[in-house]
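Visitor: Handing you a structure now.
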Amino acid sequence: MRFPGFCGNEALKMRLSAAGDRLSHCYILEGPAGSGKKTLAGLLAAAMECEGAGDRPCGTCSACRKAMKHEHPDIITVDSDKATIPIRLIREMQADAYIKPNEGRRKVYLIPRAGDMQGPAQNALLKLLEEPPSYCAFLLLTDTSEKLLETVRSRAVTLTMSPLSRQQLSAALREREPGTPPEELDRAMDRSDGYLGAALTLLHTPDTELEQKAQALADGFASGDELAFLSVLMPLEKLSRTDFLQLLTILQRSFVRALDPGRETVSSLSRCSRQQLFDGARAIDGAISLLQANGSSGHAVGHLMAAMRP
Ligand SMILES: [Zn+2]
């Protein structure tokens, strides 16, 4: 089952309440960092414990409030500071699972790095998933469910986080980060793959060196000043092929964004005509193909000098 990304909790609540008491006893939440797995897990856990009569989680009952403050005694996080989740933790969870909930309707075990369980730990978990006490539920978070054994996956409902549309992401960011210049929001969105958490993190992360170089190249191109453009372009021949490819991918996104007639913000490239942008984007495509075909960085610089010179 695909689980479309969400901007706020409202859309999610609607889906959860539609599931009602039919919530499964085991969910795998898969998606990259910043895709909202933890938010969704928190809401699922609250929905499982909620004592409200209507939609769950109601957000106001005592169980919901405790769940949201991470203070509910029957929502238990199983994690470790080790690179992998030791089997000992899974065995402890197994023993704990046979003790009835303290106060909640269910006992919810949340494993934030389920993909970091090795085979033996996963097999120990599997034993529990095969015959869990009726009140137990498990939330397994991972970047990809492929890190889990097929036998574990077959016992769970997999919820795949999927990216937001540009419009949804833009609205959610503007709501959470009012006053941020639109250009900054735009660039965070470009780098976030459509995930809200990732975009929020990126907003507060300085640009990488490659991003700065891509920006300088775009500025040089837009200035129409050949010397300025070449002075940024020439030193790029020293980049490794991988770095150059990454830089060109970033640059290409800026061009695609500038060509989008629906875009709302202004970048240096907005000074260029559509024809100039098309030509520039084609030149970047050509350089990317060269590098992908094992051409050198010097070769790609030569191509850009000839094809992209303002
Ligand atoms: Zn509630």
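Chain labels follow the order of the structure tokens: the first chain is A, the next B, and so on; residue numbering restarts at 1 in every chain, and ligands are counted from 1 in their shown order.
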Do a neighbour search on stretch 110-117 of chain A at 8 Å with only C-alpha atoms, toss out local chain neighbours closer than 4 positions, and write the hits as a VMD selection string.
Guide: chain A and resid 38 41 75 to 79 83 to 87 121 to 122 138 to 145 147 to 148
Visitor: Go ahead and write the residues just picked, N, CA and C atoms, as a JSON list (two decimals), in the first residue's frame.
Guide:
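The resulting file, result_1.json, is shown below:
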```
[["chain", "number", "residue", "atom", "x", "y", "z"],
["A", 38, "LYS", "N", 8.52, 9.03, 11.18],
["A", 38, "LYS", "CA", 8.37, 9.14, 12.63],
["A", 38, "LYS", "C", 7.06, 9.83, 12.99],
["A", 41, "ALA", "N", 4.43, 7.28, 12.49],
["A", 41, "ALA", "CA", 4.47, 6.26, 13.54],
["A", 41, "ALA", "C", 3.86, 6.81, 14.83],
["A", 75, "ILE", "N", 3.74, 2.77, 24.92],
["A", 75, "ILE", "CA", 4.38, 2.96, 23.61],
["A", 75, "ILE", "C", 5.88, 2.90, 23.86],
["A", 76, "ILE", "N", 6.49, 1.84, 23.40],
["A", 76, "ILE", "CA", 7.87, 1.54, 23.79],
["A", 76, "ILE", "C", 8.79, 1.59, 22.57],
["A", 77, "THR", "N", 9.82, 2.45, 22.63],
["A", 77, "THR", "CA", 10.79, 2.54, 21.54],
["A", 77, "THR", "C", 11.92, 1.56, 21.77],
["A", 78, "VAL", "N", 12.22, 0.77, 20.76],
["A", 78, "VAL", "CA", 13.31, -0.21, 20.86],
["A", 78, "VAL", "C", 14.43, 0.24, 19.94],
["A", 79, "ASP", "N", 15.50, 0.77, 20.55],
["A", 79, "ASP", "CA", 16.62, 1.28, 19.74],
["A", 79, "ASP", "C", 17.90, 1.12, 20.54],
["A", 83, "ALA", "N", 25.57, 0.24, 15.82],
["A", 83, "ALA", "CA", 25.27, 0.32, 14.38],
["A", 83, "ALA", "C", 24.13, -0.62, 14.00],
["A", 84, "THR", "N", 24.06, -1.76, 14.69],
["A", 84, "THR", "CA", 22.93, -2.68, 14.43],
["A", 84, "THR", "C", 22.14, -2.84, 15.72],
["A", 85, "ILE", "N", 20.90, -3.30, 15.57],
["A", 85, "ILE", "CA", 20.05, -3.50, 16.76],
["A", 85, "ILE", "C", 20.39, -4.89, 17.33],
["A", 86, "PRO", "N", 20.95, -4.94, 18.56],
["A", 86, "PRO", "CA", 21.36, -6.23, 19.10],
["A", 86, "PRO", "C", 20.16, -7.16, 19.31],
["A", 87, "ILE", "N", 20.37, -8.45, 19.10],
["A", 87, "ILE", "CA", 19.30, -9.43, 19.27],
["A", 87, "ILE", "C", 18.80, -9.41, 20.72],
["A", 121, "ALA", "N", 18.29, -11.24, 14.70],
["A", 121, "ALA", "CA", 17.36, -10.35, 15.41],
["A", 121, "ALA", "C", 16.01, -10.34, 14.70],
["A", 122, "GLN", "N", 16.05, -10.33, 13.38],
["A", 122, "GLN", "CA", 14.78, -10.32, 12.63],
["A", 122, "GLN", "C", 14.02, -11.63, 12.84],
["A", 138, "PHE", "N", 3.26, -3.49, 16.41],
["A", 138, "PHE", "CA", 4.66, -3.22, 16.10],
["A", 138, "PHE", "C", 4.74, -2.23, 14.94],
["A", 139, "LEU", "N", 5.60, -1.23, 15.11],
["A", 139, "LEU", "CA", 5.82, -0.25, 14.05],
["A", 139, "LEU", "C", 7.30, -0.30, 13.67],
["A", 140, "LEU", "N", 7.57, -0.77, 12.47],
["A", 140, "LEU", "CA", 8.95, -0.97, 12.03],
["A", 140, "LEU", "C", 9.31, 0.10, 11.01],
["A", 141, "LEU", "N", 10.28, 0.95, 11.34],
["A", 141, "LEU", "CA", 10.64, 2.05, 10.44],
["A", 141, "LEU", "C", 11.95, 1.72, 9.72],
["A", 142, "THR", "N", 11.98, 1.98, 8.43],
["A", 142, "THR", "CA", 13.19, 1.68, 7.65],
["A", 142, "THR", "C", 13.19, 2.52, 6.38],
["A", 143, "ASP", "N", 14.40, 2.78, 5.84],
["A", 143, "ASP", "CA", 14.40, 3.53, 4.58],
["A", 143, "ASP", "C", 13.81, 2.68, 3.46],
["A", 144, "THR", "N", 14.10, 1.37, 3.48],
["A", 144, "THR", "CA", 13.48, 0.50, 2.50],
["A", 144, "THR", "C", 13.13, -0.84, 3.14],
["A", 145, "SER", "N", 11.94, -1.35, 2.82],
["A", 145, "SER", "CA", 11.49, -2.60, 3.44],
["A", 145, "SER", "C", 12.33, -3.78, 2.94],
["A", 147, "LYS", "N", 15.23, -4.22, 3.41],
["A", 147, "LYS", "CA", 16.19, -4.61, 4.45],
["A", 147, "LYS", "C", 15.58, -5.62, 5.42],
["A", 148, "LEU", "N", 14.28, -5.86, 5.30],
["A", 148, "LEU", "CA", 13.63, -6.80, 6.21],
["A", 148, "LEU", "C", 13.40, -8.13, 5.49]]
```
Visitor: Enumerate, as a ChimeraX atom specification, the complete set of residues in stretch 219-301 of chain A that a backbone-based DSSP assignment places in alpha helix (DSSP H).
Guide: /A:219-223,226-233,241-259,274-292,297-301
Visitor: Contacts of stretch 198-203 of chain A at 9 Å or less, counting only C-alpha atoms, minus same-chain residues fewer than 5 places along, as a list in words?
Guide: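 Near stretch 198-203 of chain A, the qualifying residues are Pro32, Ala33, Gly34, Ser35, Gly36, Leu169, Leu173, Arg176, Glu177, Glu184, Leu185, Arg187, Ala188, Met189, Asp190, Arg191, Ser192 and Asp193 of chain A.
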Visitor: Assign secondary structure with DSSP using the backbone only, and return the residues of stretch 102-212 of chain A in strand (DSSP E) as a list in words.
Guide: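 The strand (DSSP E) residues within stretch 102-212 of chain A come out as Lys107, Val108, Tyr109, Leu110, Ile111, Cys136, Ala137, Phe138, Leu139, Leu140, Leu141, Thr142, Val157, Thr158, Leu159, Thr160, Met161 and Ser162 of chain A.
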Visitor: Could you dump the residues just selected with all heavy atoms as a CSV table (one decimal), in the first residue's frame?
Guide:
```csv
chain,number,residue,atom,x,y,z
A,107,LYS,N,-0.2,-2.5,23.6
A,107,LYS,CA,1.2,-2.3,23.8
A,107,LYS,C,1.9,-2.1,22.5
A,107,LYS,O,1.8,-3.0,21.6
A,107,LYS,CB,1.8,-3.5,24.5
A,107,LYS,CG,2.8,-3.1,25.6
A,107,LYS,CD,3.0,-4.2,26.6
A,107,LYS,CE,4.1,-3.9,27.5
A,107,LYS,NZ,4.3,-4.9,28.5
A,108,VAL,N,2.4,-0.9,22.2
A,108,VAL,CA,3.0,-0.6,20.9
A,108,VAL,C,4.5,-0.5,20.9
A,108,VAL,O,5.1,0.3,21.7
A,108,VAL,CB,2.4,0.8,20.4
A,108,VAL,CG1,2.9,1.0,19.0
A,108,VAL,CG2,0.9,0.8,20.5
A,109,TYR,N,5.1,-1.4,20.2
A,109,TYR,CA,6.6,-1.4,20.1
A,109,TYR,C,7.0,-0.7,18.8
A,109,TYR,O,6.6,-1.1,17.7
A,109,TYR,CB,7.1,-2.8,20.1
A,109,TYR,CG,6.9,-3.5,21.4
A,109,TYR,CD1,5.8,-4.3,21.6
A,109,TYR,CD2,7.8,-3.2,22.5
A,109,TYR,CE1,5.6,-4.9,22.9
A,109,TYR,CE2,7.5,-3.8,23.7
A,109,TYR,CZ,6.4,-4.6,23.9
A,109,TYR,OH,6.2,-5.2,25.1
A,110,LEU,N,7.8,0.4,19.0
A,110,LEU,CA,8.3,1.2,17.8
A,110,LEU,C,9.8,0.9,17.6
A,110,LEU,O,10.6,1.2,18.5
A,110,LEU,CB,8.0,2.6,18.1
A,110,LEU,CG,8.1,3.6,17.0
A,110,LEU,CD1,7.2,4.8,17.4
A,110,LEU,CD2,9.5,4.1,16.8
A,111,ILE,N,10.1,0.4,16.5
A,111,ILE,CA,11.6,0.2,16.2
A,111,ILE,C,12.0,1.1,15.1
A,111,ILE,O,11.8,0.9,13.9
A,111,ILE,CB,11.8,-1.3,15.8
A,111,ILE,CG1,11.1,-2.3,16.7
A,111,ILE,CG2,13.3,-1.6,15.6
A,111,ILE,CD1,11.4,-3.7,16.5
A,136,CYS,N,-0.7,-6.6,21.4
A,136,CYS,CA,0.6,-6.0,20.9
A,136,CYS,C,0.5,-5.5,19.5
A,136,CYS,O,-0.2,-6.0,18.6
A,136,CYS,CB,1.7,-7.1,20.9
A,136,CYS,SG,2.4,-7.3,22.5
A,137,ALA,N,1.3,-4.4,19.2
A,137,ALA,CA,1.4,-3.9,17.9
A,137,ALA,C,2.8,-3.5,17.7
A,137,ALA,O,3.5,-3.1,18.6
A,137,ALA,CB,0.5,-2.7,17.7
A,138,PHE,N,3.3,-3.5,16.4
A,138,PHE,CA,4.7,-3.2,16.1
A,138,PHE,C,4.7,-2.2,14.9
A,138,PHE,O,4.0,-2.4,13.9
A,138,PHE,CB,5.4,-4.5,15.7
A,138,PHE,CG,5.3,-5.6,16.8
A,138,PHE,CD1,4.2,-6.4,16.8
A,138,PHE,CD2,6.2,-5.6,17.8
A,138,PHE,CE1,4.0,-7.4,17.8
A,138,PHE,CE2,6.1,-6.6,18.8
A,138,PHE,CZ,5.0,-7.5,18.8
A,139,LEU,N,5.6,-1.2,15.1
A,139,LEU,CA,5.8,-0.2,14.0
A,139,LEU,C,7.3,-0.3,13.7
A,139,LEU,O,8.2,0.0,14.5
A,139,LEU,CB,5.4,1.2,14.5
A,139,LEU,CG,4.0,1.3,15.0
A,139,LEU,CD1,3.8,2.7,15.6
A,139,LEU,CD2,3.0,1.1,13.9
A,140,LEU,N,7.6,-0.8,12.5
A,140,LEU,CA,9.0,-1.0,12.0
A,140,LEU,C,9.3,0.1,11.0
A,140,LEU,O,8.7,0.2,9.9
A,140,LEU,CB,9.1,-2.4,11.4
A,140,LEU,CG,8.5,-3.5,12.2
A,140,LEU,CD1,8.7,-4.8,11.4
A,140,LEU,CD2,9.1,-3.7,13.6
A,141,LEU,N,10.3,1.0,11.3
A,141,LEU,CA,10.6,2.1,10.4
A,141,LEU,C,12.0,1.7,9.7
A,141,LEU,O,12.9,1.3,10.3
A,141,LEU,CB,10.8,3.4,11.2
A,141,LEU,CG,9.6,4.1,11.6
A,141,LEU,CD1,8.5,3.3,12.3
A,141,LEU,CD2,9.9,5.4,12.4
A,142,THR,N,12.0,2.0,8.4
A,142,THR,CA,13.2,1.7,7.7
A,142,THR,C,13.2,2.5,6.4
A,142,THR,O,12.1,2.9,5.9
A,142,THR,CB,13.3,0.2,7.3
A,142,THR,OG1,14.4,-0.1,6.4
A,142,THR,CG2,12.0,-0.3,6.6
A,157,VAL,N,1.8,-4.8,7.3
A,157,VAL,CA,1.3,-3.9,6.2
A,157,VAL,C,2.3,-2.9,6.0
A,157,VAL,O,2.8,-2.3,6.9
A,157,VAL,CB,0.0,-3.2,6.7
A,157,VAL,CG1,-0.5,-2.2,5.7
A,157,VAL,CG2,-1.1,-4.2,7.0
A,158,THR,N,2.8,-2.8,4.7
A,158,THR,CA,3.8,-1.8,4.4
A,158,THR,C,3.2,-0.5,3.9
A,158,THR,O,2.4,-0.5,3.0
A,158,THR,CB,4.8,-2.4,3.3
A,158,THR,OG1,5.4,-3.6,3.8
A,158,THR,CG2,5.9,-1.4,3.0
A,159,LEU,N,3.6,0.6,4.6
A,159,LEU,CA,3.2,1.9,4.2
A,159,LEU,C,4.4,2.6,3.7
A,159,LEU,O,5.4,2.8,4.3
A,159,LEU,CB,2.7,2.7,5.5
A,159,LEU,CG,1.6,2.0,6.3
A,159,LEU,CD1,1.2,2.9,7.5
A,159,LEU,CD2,0.3,1.9,5.4
A,160,THR,N,4.3,3.0,2.4
A,160,THR,CA,5.5,3.6,1.7
A,160,THR,C,5.2,5.1,1.7
A,160,THR,O,4.2,5.6,1.2
A,160,THR,CB,5.6,3.1,0.3
A,160,THR,OG1,5.8,1.7,0.3
A,160,THR,CG2,6.8,3.7,-0.4
A,161,MET,N,6.1,5.9,2.3
A,161,MET,CA,6.0,7.3,2.3
A,161,MET,C,6.3,7.8,0.8
A,161,MET,O,7.2,7.3,0.2
A,161,MET,CB,7.0,8.0,3.2
A,161,MET,CG,7.1,7.4,4.6
A,161,MET,SD,5.5,7.3,5.5
A,161,MET,CE,5.2,9.1,5.6
A,162,SER,N,5.4,8.7,0.3
A,162,SER,CA,5.7,9.2,-1.0
A,162,SER,C,5.8,10.7,-1.0
A,162,SER,O,5.2,11.3,-0.1
A,162,SER,CB,4.7,8.6,-2.0
A,162,SER,OG,3.4,9.0,-1.7
```
Visitor: Mind listing the residues within 7 Å of ligand 1, only C-alpha atoms and all ligand atoms counted, as a PDB file with N, CA and C atoms, in the first residue's frame?
Guide:
```
ATOM      1  N   ALA A  46      -0.557   6.736  18.595  1.00  0.00           N
ATOM      2  CA  ALA A  46      -1.604   7.465  19.325  1.00  0.00           C
ATOM      3  C   ALA A  46      -2.975   6.907  18.959  1.00  0.00           C
ATOM      4  N   ALA A  47      -3.177   6.607  17.665  1.00  0.00           N
ATOM      5  CA  ALA A  47      -4.469   6.071  17.233  1.00  0.00           C
ATOM      6  C   ALA A  47      -4.743   4.724  17.905  1.00  0.00           C
ATOM      7  N   CYS A  50      -5.646   5.643  21.596  1.00  0.00           N
ATOM      8  CA  CYS A  50      -6.669   6.679  21.810  1.00  0.00           C
ATOM      9  C   CYS A  50      -7.918   6.111  22.484  1.00  0.00           C
ATOM     10  N   GLU A  51      -8.419   6.871  23.463  1.00  0.00           N
ATOM     11  CA  GLU A  51      -9.626   6.451  24.172  1.00  0.00           C
ATOM     12  C   GLU A  51     -10.837   7.236  23.707  1.00  0.00           C
ATOM     13  N   GLY A  52     -10.657   8.066  22.695  1.00  0.00           N
ATOM     14  CA  GLY A  52     -11.764   8.886  22.204  1.00  0.00           C
ATOM     15  C   GLY A  52     -12.824   8.029  21.532  1.00  0.00           C
ATOM     16  N   ARG A  56      -9.893   8.668  15.428  1.00  0.00           N
ATOM     17  CA  ARG A  56      -8.660   8.397  16.170  1.00  0.00           C
ATOM     18  C   ARG A  56      -7.453   8.710  15.306  1.00  0.00           C
ATOM     19  N   PRO A  57      -6.379   9.295  15.880  1.00  0.00           N
ATOM     20  CA  PRO A  57      -6.308   9.777  17.268  1.00  0.00           C
ATOM     21  C   PRO A  57      -7.086  11.085  17.434  1.00  0.00           C
ATOM     22  N   CYS A  58      -7.799  11.203  18.580  1.00  0.00           N
ATOM     23  CA  CYS A  58      -8.614  12.399  18.785  1.00  0.00           C
ATOM     24  C   CYS A  58      -7.720  13.590  19.119  1.00  0.00           C
ATOM     25  N   GLY A  59      -6.552  13.302  19.697  1.00  0.00           N
ATOM     26  CA  GLY A  59      -5.612  14.382  20.019  1.00  0.00           C
ATOM     27  C   GLY A  59      -5.913  15.073  21.335  1.00  0.00           C
ATOM     28  N   THR A  60      -7.018  14.736  21.966  1.00  0.00           N
ATOM     29  CA  THR A  60      -7.364  15.445  23.198  1.00  0.00           C
ATOM     30  C   THR A  60      -7.479  14.531  24.419  1.00  0.00           C
ATOM     31  N   CYS A  61      -7.735  13.235  24.216  1.00  0.00           N
ATOM     32  CA  CYS A  61      -7.881  12.356  25.385  1.00  0.00           C
ATOM     33  C   CYS A  61      -6.531  12.213  26.087  1.00  0.00           C
ATOM     34  N   SER A  62      -6.572  11.676  27.288  1.00  0.00           N
ATOM     35  CA  SER A  62      -5.336  11.575  28.073  1.00  0.00           C
ATOM     36  C   SER A  62      -4.319  10.663  27.372  1.00  0.00           C
ATOM     37  N   ALA A  63      -4.797   9.570  26.747  1.00  0.00           N
ATOM     38  CA  ALA A  63      -3.869   8.653  26.062  1.00  0.00           C
ATOM     39  C   ALA A  63      -3.182   9.356  24.896  1.00  0.00           C
ATOM     40  N   CYS A  64      -3.958  10.122  24.117  1.00  0.00           N
ATOM     41  CA  CYS A  64      -3.375  10.845  22.982  1.00  0.00           C
ATOM     42  C   CYS A  64      -2.342  11.854  23.456  1.00  0.00           C
TER      43      CYS A  64
END
```
Visitor: From the list A:Gly42, A:Leu236, A:Ala281, A:Pro181, which residue is nearest A:Lys69 when using only C-alpha atoms?
Guide: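 Ranking A:Gly42, A:Leu236, A:Ala281, A:Pro181 by distance to A:Lys69, first place goes to A:Gly42.
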Visitor: Select, from A:Arg253, A:His303, A:Arg91, A:Arg282, the residue with the minimum atom-to-atom distance to A:Leu269, counting only C-alpha atoms.
Guide: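 For A:Leu269, the nearest of the candidates is A:Arg253.
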Visitor: Which residue, A:Glu146, A:Asp219, A:Asp207, A:Glu49, has the smallest gap to A:Glu103 when you use only C-alpha atoms?
Guide: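 So, comparing all the options, the nearest one is A:Glu49.
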Visitor: Please identify all polymer residues within 10 Å of A:Arg309, counting only C-alpha atoms, omitting same-chain residues fewer than 2 positions from it, and present them as a tab-separated table (two decimals) with N, CA and C atoms, in the first residue's frame.
Guide:
```tsv
chain	number	residue	atom	x	y	z
A	220	GLY	N	26.89	33.27	-13.56
A	220	GLY	CA	27.79	33.68	-14.65
A	220	GLY	C	27.09	33.59	-15.99
A	221	PHE	N	26.35	32.50	-16.19
A	221	PHE	CA	25.61	32.31	-17.43
A	221	PHE	C	24.58	33.42	-17.60
A	224	GLY	N	25.54	37.09	-18.69
A	224	GLY	CA	25.89	37.38	-20.08
A	224	GLY	C	27.35	37.80	-20.22
A	225	ASP	N	28.09	37.77	-19.13
A	225	ASP	CA	29.49	38.18	-19.13
A	225	ASP	C	30.36	36.94	-19.35
A	226	GLU	N	30.91	36.84	-20.55
A	226	GLU	CA	31.64	35.64	-20.93
A	226	GLU	C	32.81	35.34	-19.99
A	227	LEU	N	33.52	36.40	-19.62
A	227	LEU	CA	34.69	36.22	-18.76
A	227	LEU	C	34.27	35.69	-17.39
A	229	PHE	N	31.64	33.96	-16.70
A	229	PHE	CA	31.20	32.57	-16.87
A	229	PHE	C	32.42	31.63	-16.95
A	230	LEU	N	33.37	32.00	-17.79
A	230	LEU	CA	34.54	31.13	-17.99
A	230	LEU	C	35.39	31.00	-16.72
A	233	LEU	N	33.74	28.39	-14.84
A	233	LEU	CA	33.71	27.09	-15.53
A	233	LEU	C	35.08	26.41	-15.58
A	280	GLY	N	20.95	26.47	-22.90
A	280	GLY	CA	21.78	26.16	-21.73
A	280	GLY	C	21.48	24.76	-21.21
A	283	ALA	N	22.93	22.15	-23.42
A	283	ALA	CA	24.38	22.05	-23.24
A	283	ALA	C	24.71	21.24	-21.98
A	303	HIS	N	33.10	20.98	-23.62
A	303	HIS	CA	31.78	20.96	-24.23
A	303	HIS	C	30.95	22.17	-23.77
A	304	LEU	N	30.99	22.45	-22.48
A	304	LEU	CA	30.21	23.58	-21.94
A	304	LEU	C	30.74	24.91	-22.46
A	305	MET	N	32.08	25.00	-22.60
A	305	MET	CA	32.66	26.24	-23.13
A	305	MET	C	32.11	26.53	-24.52
A	306	ALA	N	32.03	25.47	-25.33
A	306	ALA	CA	31.58	25.66	-26.70
A	306	ALA	C	30.06	25.85	-26.79
A	307	ALA	N	29.33	25.10	-25.98
A	307	ALA	CA	27.87	25.05	-26.17
A	307	ALA	C	27.10	26.00	-25.26
```
Visitor: Using only C-alpha atoms, which residue out of A:His299, A:Lys213, A:Lys66, A:Arg174 lies closest to A:Arg241?
Guide: A:His299
